[in-house]
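What follows is a set of notes on a single structure, which appears directly below.
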Amino acid sequence: MILSKTVRYVFTGGLAAFVDLTVLRGLLALGVPLGTSATSSWLIAAAANYSVTSRYVFNQAISRKRASLFLIGALIGLSINISVTLILVQQIGLPPLWAKLSGIGTAFVFNFLINLVWVFR
């Protein structure tokens, strides 16, 4: 059961990353400033991720309460991702790409667990 959810969660995370990057590219092509584009694309990707994760991974209906909890968890995951990346580059001396991959991995585990035990329990 957990393995199946984990595999589906990896898929939904990849889909969210694709949405994030696609929207970012589109907004930048329209001349929207980088900060606004990056924030907007992340929020759109988070909404898409919640929708697909609710139905495909946890087989639950979409609700405003769960969407709010999901967004809170995603924001914490984002801060973990950034923090791990910065610490590994600035304190450990890891190359930025490897640090970012570690940040993504750490945030992925956190986000999956928070969704499993808190958002979609």
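FYI, nothing fancy with the structure tokens labels: chains A, B, ... in order, residues from 1 per chain, ligands from 1 as they appear.
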Sort by chain and increasing residue number a table of all residues of region 40-104 of chain A within 10 Å of region 11-25 of chain A, each with its closest pair of atoms and their distance in Å to one decimal, counting only C-alpha atoms, and write it as CSV.
residue,atom,partner,partner_atom,distance
A:Ser40,CA,A:Leu24,CA,7.7
A:Ser41,CA,A:Asp20,CA,4.9
A:Trp42,CA,A:Asp20,CA,5.5
A:Leu43,CA,A:Asp20,CA,8.2
A:Ile44,CA,A:Asp20,CA,7.1
A:Ala45,CA,A:Ala16,CA,5.0
A:Ala46,CA,A:Ala16,CA,6.8
A:Ala47,CA,A:Ala16,CA,8.8
A:Ala48,CA,A:Ala16,CA,6.6
A:Asn49,CA,A:Ala16,CA,5.3
A:Tyr50,CA,A:Thr12,CA,8.9
A:Ser51,CA,A:Thr12,CA,9.6
A:Val52,CA,A:Thr12,CA,6.6
A:Thr53,CA,A:Thr12,CA,6.3
A:Tyr56,CA,A:Thr12,CA,8.3
A:Val57,CA,A:Thr12,CA,8.1
>> Give me, as JSON, numbers by chain, all polymer residues having an atom no more than 12 Å from Ser63 (chain A), counting only C-alpha atoms and skipping those fewer than 5 positions away in the same chain.
In response: {"A": [47, 50, 51, 54, 55, 68, 69, 70, 119, 120]}
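Within the 12 Å cut-off around Met1 (chain A), using only C-alpha atoms and omitting residues fewer than 5 positions from it on the same chain, the listed residues are Thr6, Val7, Arg8, Val57, Phe58 and Leu116 of chain A.
Every protein, DNA or RNA residue with an atom at most 10 Å from Phe112 (chain A), where only C-alpha atoms count and chain neighbours fewer than 2 positions away do not, is listed here: A:Lys5, A:Thr6, A:Tyr9, A:Val10, A:Gly13, A:Gly73, A:Ala74, A:Gly77, A:Ala107, A:Phe108, A:Val109, A:Phe110, A:Ile114, A:Asn115, A:Leu116, A:Val117, A:Trp118, A:Val119.
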> Which of chain A counts as alpha helix (DSSP H) under DSSP, as a PyMOL selection string please?
Replying inline: chain A and resi 2-29+34-52+64-87+96-114
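A straight line drawn from CA of Ile104 (chain A) to CA of Leu75 (chain A) is 13.0 Å long.
Here the question is which of A:Ala67, A:Val84, A:Ala29, A:Asn111 gets nearest to Trp98 (chain A) using only C-alpha atoms, and that residue is A:Val84.
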>> From the options A:Gly103, A:Leu97, A:Gly35, A:Ile62, which residue's atoms come nearest to Ile82 (chain A), counting only C-alpha atoms?
In response: A:Gly103
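Atom pair CA of Asn81 (chain A) / CA of Leu101 (chain A) has a distance of 8.9 Å (rounded to one decimal).
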